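All remarks here apply to the structure that follows.
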Number of protein chains: 2
Amino acid sequence: MYELFFQKFQEKVPLTDEEQEQIKAYLTPKKLRKRQYLLQEGEVCKAIAFVERGALREYSVDNGSEHILQFAIEGWTISDLFSFLTGEQATYNIDALEDAELVLITKGAHEELLKKQPKYETYMRLLITGAYIALQRRLTSNISLPVEERYTSFTEMYPDIAQRVPQHMIASFMGVKPETLSRIRKKMADRK
Amino acid sequence: MYELFFQKFQEKVPLTDEEQEQIKAYLTPKKLRKRQYLLQEGEVCKAIAFVERGALREYSVDNGSEHILQFAIEGWTISDLFSFLTGEQATYNIDALEDAELVLITKGAHEELLKKQPKYETYMRLLITGAYIALQRRLTSNISLPVEERYTSFTEMYPDIAQRVPQHMIASFMGVKPETLSRIRKKMADRK
DNA sequence: ACGTTTCATTGACAATAGTCAAGAGTGTTT
DNA sequence: AAACACTCTTGACTATTGTCAATGAAACGT
């Protein structure tokens with residue numbers, strides 16, 4: 001249990017067996033069925049979730065239309081960090097696209113681990129730094145590139161997600177309508 | 001010297017006088033004239049820069065057109081983090097929009113401080129976490145909202161930047177052409 | 001104070017993306 | 001097997017944004 005979680009952890013920060021056991025004591029397993037919510041807008045986000053198996057999405061809703069901020073498959077971490085850290089209401093929803101097994105770090109666990117295990121703080125710092133750099137790149141491509149090129153680089157960067165997730169969600173992730181993405185794919189196919 | 005740097009630091013992590021002196025020893029002051037580069041695409045980013053005075057921008061260039069990823073005025077931190085951390089070539093440019101005074105944390109200083117001063121690591125973690133949350137919000141508004149609403153929330157969120165920076169750079173930051181922003185502003189003005 | 005560059009605005013037109021509606025194909029449930 | 005929900009595609013039309021070019025105003029450097 002928690003194999004993938006500790007594999008990813010140790011890629012960033014190596015741990016002794018004792019340290020691993022110590023951290024393990026703070027983790028909570030959770031299973032989620034397809035379509036089940038992990039978090040709904042308006043609630044307070046009570047945990048950071050690491051995905052051991054399955055696929056989730058994080059999205060906001062605006063006039064009834066959904067905008068996907070993030071996907072998370074095996075090995076990824078997902079949360080509404082702002083709500084988690086401040087205790088304010090969440091502005092995002094998180095739900096399961098496939099049946100999923102998660103490792104939760106609750107708020108209490110997070111605070112204790114920060115106090116007691118310096119390597120946890122280092123891991124968190126590196127995790128967020130990586131997420132920040134990835135997000136900068138995504139934003140850069142969003143303001144710089146035409147939709148077609150954004151789609152191409154998405155499928156190249158995340159071929160696994162592109163296959164597992166419905167197209168209209170990829171459109172939503174990219175910030176365009178499903179019809180638009182469909183037409184772009186057609187144009188790309190016609191050129192070949 | 002470094003007043004604002006330590007003010008911002010202590011807002012996140014309080015320091016004793018000795019700790020402050022210890023950290024101060026690792027910092028490097030730097031002045032930049034308007035239009036001068038702090039970093040050019042292709043170089044390796046050698047420092048994280050904190051702005052004591054003045055204004056900078058970070059941007060990428062794509063077919064001759066510039067796309068602004070970030071502004072940084074007094075109290076903000078700016079860097080090509082990916083290049084800084086990995087030693088790879090920078091993909092962004094950073095230059096001064098106004099004469100500026102900076103506090104630099106060089107790569108060597110960063111590594112030493114991480115080893116010797118746990119509060120520095122905590123500060124970095126909190127700094128990047130805040131930047132990450134802000135970036136998530138910006139991306140959400142980019143994929144969710146029409147240009148006009150993005151412009152309004154930009155001017156409300158950063159009225160100081162909106163005043164100090166040329167309009168075409170705000171357009172670039174938002175991912176639209178200067179003509180488009182100009183027309184949107186006209187439409188907003190006409191409605192009143 | 002001068003000439004030069006940078007900026008913002010506007011117009012005419014082209015390209016791109018959104019909207020609304022219909023239909024076909026899948027897979028699931030009962 | 002029939003009914004249903006979900007997904008993707010396509011067409012016709014609208015709205016938004018980009019492109020190119022010109023102009024006037026402001027800011028800048030010397």
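In the structure tokens, the first chain shown is A, the next is B, and so on; residue numbers restart at 1 for each chain, and ligands run from 1 in the order shown.
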
Write down, as a list of chain:residue names, each residue of chain D that has any atom within 9 Å of an atom of chain A, counting only C-alpha atoms (C1' of nucleotides). D:DT7, D:DC8, D:DT9, D:DT10

Mind the document's chain letters and residue numbers, and return as number ranges by chain the residues of stretch 4-164 of chain A that DSSP labels helix (DSSP H, G or I). A: 4-12, 17-24, 81-86, 107-116, 118-144, 147-157, 159-164

Strand (DSSP E) per DSSP on the backbone: members of stretch 54-144 of chain B, as number ranges by chain: B: 55-62, 65-73, 77-78, 93-96, 100-106

Which residues come within 9 Å of D:DT17, counting only C-alpha atoms (C1' of nucleotides), excluding same-chain residues fewer than 5 positions away, as a list in words?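 Those residues are Val176, Lys177 and Thr180 of chain B; DA15, DT16 and DA17 of chain C.
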
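Near chain A, counting only C-alpha atoms at 6 Å, the chain B residues are Arg125, Tyr132, Ile143 and Gly175 of chain B.
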
Output N, CA and C atoms of each residue in that selection to a file, as a CSV table (one decimal), in the first residue's frame.
chain,number,residue,atom,x,y,z
B,125,ARG,N,9.2,27.7,0.3
B,125,ARG,CA,8.0,26.8,0.1
B,125,ARG,C,6.8,27.7,0.1
B,132,TYR,N,2.0,29.8,-7.0
B,132,TYR,CA,1.3,28.7,-7.7
B,132,TYR,C,-0.2,28.9,-7.6
B,143,ILE,N,-9.0,30.7,-19.2
B,143,ILE,CA,-9.8,29.7,-19.9
B,143,ILE,C,-11.3,29.9,-19.7
B,175,GLY,N,-2.8,37.9,-23.3
B,175,GLY,CA,-2.8,37.0,-24.4
B,175,GLY,C,-3.6,37.5,-25.6

Point-to-point distance in Å for atom CA of B:Ala90 and atom C1' of C:DC7: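 Taking atom C1' of C:DC7 as the start and atom CA of B:Ala90 as the end point, the length is 29.3 Å.
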
Take atom CA of A:Gln36 and atom CA of A:Ala55 and report the distance between them in Å, one decimal.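 Here the two named atoms are 11.4 Å from each other.
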
So that I can check the surroundings of C:DT6, please list as an MDAnalysis selection string every protein, DNA and RNA residue that reaches within 9 Å of it, counting only C-alpha atoms (C1' of nucleotides) and ignoring chain neighbours fewer than 4 positions away. chainID D and resid 26:28

Take the residues from that selection and write them out as an mmCIF file, in the first residue's frame, keeping N, CA, C and O atoms (P, O5', C5', C4', C3', O3' and C1' of nucleotides).
data_model
loop_
_atom_site.group_PDB
_atom_site.id
_atom_site.type_symbol
_atom_site.label_atom_id
_atom_site.label_comp_id
_atom_site.auth_asym_id
_atom_site.auth_seq_id
_atom_site.Cartn_x
_atom_site.Cartn_y
_atom_site.Cartn_z
ATOM 1 P P DA D 26 -1.173 64.480 -25.844
ATOM 2 O "O5'" DA D 26 -0.049 63.528 -25.250
ATOM 3 C "C5'" DA D 26 -0.334 62.149 -25.009
ATOM 4 C "C4'" DA D 26 0.957 61.426 -24.746
ATOM 5 C "C3'" DA D 26 1.888 62.157 -23.776
ATOM 6 O "O3'" DA D 26 2.203 61.257 -22.734
ATOM 7 C "C1'" DA D 26 3.046 61.530 -25.763
ATOM 8 P P DA D 27 3.257 61.614 -21.612
ATOM 9 O "O5'" DA D 27 4.566 60.935 -22.198
ATOM 10 C "C5'" DA D 27 4.594 59.529 -22.447
ATOM 11 C "C4'" DA D 27 6.020 59.130 -22.739
ATOM 12 C "C3'" DA D 27 7.038 59.696 -21.740
ATOM 13 O "O3'" DA D 27 7.900 58.633 -21.348
ATOM 14 C "C1'" DA D 27 7.585 60.371 -23.968
ATOM 15 P P DC D 28 9.348 58.838 -20.785
ATOM 16 O "O5'" DC D 28 10.161 59.035 -22.142
ATOM 17 C "C5'" DC D 28 10.400 57.905 -22.983
ATOM 18 C "C4'" DC D 28 11.716 58.126 -23.696
ATOM 19 C "C3'" DC D 28 12.832 58.582 -22.750
ATOM 20 O "O3'" DC D 28 13.926 57.672 -22.864
ATOM 21 C "C1'" DC D 28 12.555 60.125 -24.581
#

Do a neighbour search on stretch 14-20 of chain A at 12 Å with only C-alpha atoms (C1' of nucleotides), toss out local chain neighbours closer than 2 positions, and write the hits as a ChimeraX atom specification. /A:2-3,5-12,22-27,113,116-120,122-123

What separation in Å, quoted to one decimal, exists between atom C1' of C:DA21 and atom CA of B:Val147? 27.2 Å

Pick out the residues sitting within 9 Å of A:Leu102, and hand them over as a list of chain:residue names; count only C-alpha atoms (C1' of nucleotides), and ignore anything fewer than 5 positions along from it in its own chain. A:Tyr2, A:Thr28, A:Pro29, A:Lys30, A:Lys31, A:Leu32, A:Ala49, A:Phe50, A:Val51, A:Glu52, A:Arg53, A:Gly54

Same residues, N, CA and C atoms, saved as a short mmCIF file (atom, residue, chain, number, x, y, z; two decimals), in the first residue's frame:
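Generated output (part25.cif):
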data_model
loop_
_atom_site.label_atom_id
_atom_site.label_comp_id
_atom_site.auth_asym_id
_atom_site.auth_seq_id
_atom_site.Cartn_x
_atom_site.Cartn_y
_atom_site.Cartn_z
N TYR A 2 0.38 2.24 -0.71
CA TYR A 2 1.11 3.49 -0.82
C TYR A 2 2.40 3.35 -1.63
N THR A 28 -3.90 8.53 4.86
CA THR A 28 -5.23 7.92 4.89
C THR A 28 -5.59 7.42 3.49
N PRO A 29 -5.91 6.13 3.37
CA PRO A 29 -6.32 5.63 2.05
C PRO A 29 -7.78 5.99 1.79
N LYS A 30 -8.11 6.16 0.52
CA LYS A 30 -9.52 6.43 0.18
C LYS A 30 -9.81 5.93 -1.22
N LYS A 31 -10.97 5.30 -1.38
CA LYS A 31 -11.39 4.88 -2.72
C LYS A 31 -12.51 5.77 -3.18
N LEU A 32 -12.52 6.00 -4.49
CA LEU A 32 -13.55 6.87 -5.06
C LEU A 32 -14.11 6.15 -6.29
N ALA A 49 -4.65 15.08 -2.17
CA ALA A 49 -4.86 13.70 -2.62
C ALA A 49 -3.79 13.28 -3.62
N PHE A 50 -3.19 12.14 -3.35
CA PHE A 50 -2.25 11.53 -4.28
C PHE A 50 -2.95 10.37 -4.95
N VAL A 51 -2.82 10.27 -6.27
CA VAL A 51 -3.54 9.23 -7.01
C VAL A 51 -2.68 7.97 -7.17
N GLU A 52 -3.11 6.88 -6.52
CA GLU A 52 -2.41 5.59 -6.69
C GLU A 52 -2.93 4.87 -7.92
N ARG A 53 -4.22 5.08 -8.21
CA ARG A 53 -4.85 4.38 -9.33
C ARG A 53 -6.07 5.18 -9.75
N GLY A 54 -6.32 5.25 -11.06
CA GLY A 54 -7.51 5.94 -11.53
C GLY A 54 -7.23 7.32 -12.08
#

Using only C-alpha atoms (C1' of nucleotides), determine which residues lie at most 12 Å from A:Thr155, disregarding the query and same-chain residues fewer than 6 positions distant; provide the list as a PyMOL selection string. chain A and resi 148-149+161-165+167+170-171+174+185

For a quick test of understanding: name the residues of chain C lying within 12 Å of chain B when counting only C-alpha atoms (C1' of nucleotides), and present them as a compact mmCIF listing (two decimals) with all heavy atoms, in the first residue's frame.
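Saved the output as out23.txt:
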# COMPACT_ATOMS: atom_id res chain seq x y z
P DT C 6 11.51 52.33 -30.24
OP1 DT C 6 12.34 51.47 -29.38
OP2 DT C 6 11.06 51.87 -31.58
O5' DT C 6 10.20 52.75 -29.40
C5' DT C 6 10.35 53.41 -28.14
C4' DT C 6 8.98 53.75 -27.61
O4' DT C 6 8.40 54.81 -28.41
C3' DT C 6 8.00 52.58 -27.66
O3' DT C 6 7.41 52.49 -26.37
C2' DT C 6 7.02 52.97 -28.76
C1' DT C 6 7.05 54.49 -28.65
N1 DT C 6 6.64 55.27 -29.85
C2 DT C 6 5.75 56.31 -29.67
O2 DT C 6 5.26 56.60 -28.60
N3 DT C 6 5.43 56.99 -30.83
C4 DT C 6 5.92 56.75 -32.11
O4 DT C 6 5.54 57.43 -33.06
C5 DT C 6 6.86 55.66 -32.22
C7 DT C 6 7.44 55.30 -33.55
C6 DT C 6 7.17 54.97 -31.09
P DC C 7 6.44 51.28 -25.93
OP1 DC C 7 6.87 50.90 -24.60
OP2 DC C 7 6.39 50.31 -27.05
O5' DC C 7 5.01 51.95 -25.82
C5' DC C 7 4.89 53.25 -26.15
C4' DC C 7 3.49 53.78 -25.94
O4' DC C 7 3.28 54.65 -27.07
C3' DC C 7 2.36 52.77 -25.94
O3' DC C 7 1.44 53.10 -24.91
C2' DC C 7 1.75 52.87 -27.34
C1' DC C 7 2.15 54.25 -27.81
N1 DC C 7 2.54 54.35 -29.25
C2 DC C 7 2.00 55.39 -30.01
O2 DC C 7 1.24 56.21 -29.47
N3 DC C 7 2.35 55.47 -31.31
C4 DC C 7 3.18 54.59 -31.86
N4 DC C 7 3.48 54.72 -33.16
C5 DC C 7 3.74 53.52 -31.09
C6 DC C 7 3.39 53.43 -29.80
P DA C 8 0.18 52.14 -24.63
OP1 DA C 8 -0.18 52.29 -23.21
OP2 DA C 8 0.48 50.81 -25.19
O5' DA C 8 -0.98 52.80 -25.49
C5' DA C 8 -1.48 54.06 -25.09
C4' DA C 8 -2.48 54.53 -26.11
O4' DA C 8 -1.81 54.64 -27.38
C3' DA C 8 -3.67 53.59 -26.32
O3' DA C 8 -4.85 54.31 -26.04
C2' DA C 8 -3.55 53.14 -27.78
C1' DA C 8 -2.68 54.22 -28.40
N9 DA C 8 -1.82 53.77 -29.49
C8 DA C 8 -0.94 52.72 -29.50
N7 DA C 8 -0.30 52.56 -30.63
C5 DA C 8 -0.78 53.59 -31.43
C6 DA C 8 -0.50 54.00 -32.74
N6 DA C 8 0.39 53.36 -33.52
N1 DA C 8 -1.15 55.07 -33.22
C2 DA C 8 -2.04 55.70 -32.42
N3 DA C 8 -2.39 55.42 -31.17
C4 DA C 8 -1.73 54.35 -30.72
P DT C 9 -6.28 53.64 -26.24
OP1 DT C 9 -7.21 54.35 -25.35
OP2 DT C 9 -6.16 52.17 -26.21
O5' DT C 9 -6.63 54.06 -27.72
C5' DT C 9 -6.66 55.46 -28.05
C4' DT C 9 -7.01 55.63 -29.51
O4' DT C 9 -5.92 55.13 -30.32
C3' DT C 9 -8.26 54.86 -29.96
O3' DT C 9 -9.19 55.82 -30.44
C2' DT C 9 -7.77 53.92 -31.06
C1' DT C 9 -6.46 54.57 -31.49
N1 DT C 9 -5.41 53.66 -32.02
C2 DT C 9 -4.93 53.89 -33.28
O2 DT C 9 -5.31 54.81 -34.00
N3 DT C 9 -3.95 53.01 -33.69
C4 DT C 9 -3.42 51.95 -32.97
O4 DT C 9 -2.55 51.24 -33.44
C5 DT C 9 -3.99 51.77 -31.65
C7 DT C 9 -3.49 50.66 -30.79
C6 DT C 9 -4.94 52.62 -31.25
P DT C 10 -10.72 55.42 -30.68
OP1 DT C 10 -11.51 56.63 -30.45
OP2 DT C 10 -11.01 54.18 -29.95
O5' DT C 10 -10.76 55.07 -32.23
C5' DT C 10 -10.42 56.07 -33.18
C4' DT C 10 -10.24 55.46 -34.54
O4' DT C 10 -9.04 54.67 -34.56
C3' DT C 10 -11.37 54.50 -34.97
O3' DT C 10 -12.15 55.16 -35.95
C2' DT C 10 -10.65 53.26 -35.51
C1' DT C 10 -9.19 53.70 -35.57
N1 DT C 10 -8.17 52.65 -35.30
C2 DT C 10 -7.20 52.43 -36.25
O2 DT C 10 -7.14 53.04 -37.30
N3 DT C 10 -6.29 51.44 -35.92
C4 DT C 10 -6.26 50.70 -34.75
O4 DT C 10 -5.39 49.86 -34.57
C5 DT C 10 -7.31 50.99 -33.80
C7 DT C 10 -7.37 50.24 -32.51
C6 DT C 10 -8.20 51.93 -34.12
P DG C 11 -13.47 54.51 -36.59
OP1 DG C 11 -14.33 55.65 -36.95
OP2 DG C 11 -13.98 53.44 -35.72
O5' DG C 11 -12.91 53.85 -37.92
C5' DG C 11 -12.16 54.63 -38.85
C4' DG C 11 -11.79 53.78 -40.05
O4' DG C 11 -10.61 53.00 -39.73
C3' DG C 11 -12.89 52.79 -40.45
O3' DG C 11 -13.03 52.81 -41.88
C2' DG C 11 -12.36 51.45 -39.97
C1' DG C 11 -10.85 51.64 -40.03
N9 DG C 11 -10.10 50.84 -39.06
C8 DG C 11 -10.38 50.68 -37.73
N7 DG C 11 -9.50 49.92 -37.10
C5 DG C 11 -8.60 49.57 -38.10
C6 DG C 11 -7.43 48.76 -38.02
O6 DG C 11 -6.96 48.18 -37.05
N1 DG C 11 -6.79 48.66 -39.26
C2 DG C 11 -7.23 49.27 -40.41
N2 DG C 11 -6.49 49.05 -41.50
N3 DG C 11 -8.31 50.02 -40.50
C4 DG C 11 -8.94 50.13 -39.31
P DG C 18 -14.03 28.97 -28.69
OP1 DG C 18 -13.83 29.19 -27.25
OP2 DG C 18 -13.98 27.61 -29.28
O5' DG C 18 -15.42 29.65 -29.09
C5' DG C 18 -15.72 30.94 -28.57
C4' DG C 18 -17.18 31.26 -28.77
O4' DG C 18 -17.48 31.23 -30.19
C3' DG C 18 -18.15 30.28 -28.11
O3' DG C 18 -19.21 31.03 -27.53
C2' DG C 18 -18.63 29.40 -29.27
C1' DG C 18 -18.58 30.37 -30.43
N9 DG C 18 -18.33 29.75 -31.74
C8 DG C 18 -17.25 28.98 -32.11
N7 DG C 18 -17.30 28.59 -33.36
C5 DG C 18 -18.48 29.15 -33.84
C6 DG C 18 -19.06 29.07 -35.14
O6 DG C 18 -18.65 28.48 -36.13
N1 DG C 18 -20.25 29.79 -35.20
C2 DG C 18 -20.81 30.48 -34.15
N2 DG C 18 -21.95 31.10 -34.40
N3 DG C 18 -20.27 30.56 -32.94
C4 DG C 18 -19.11 29.87 -32.86
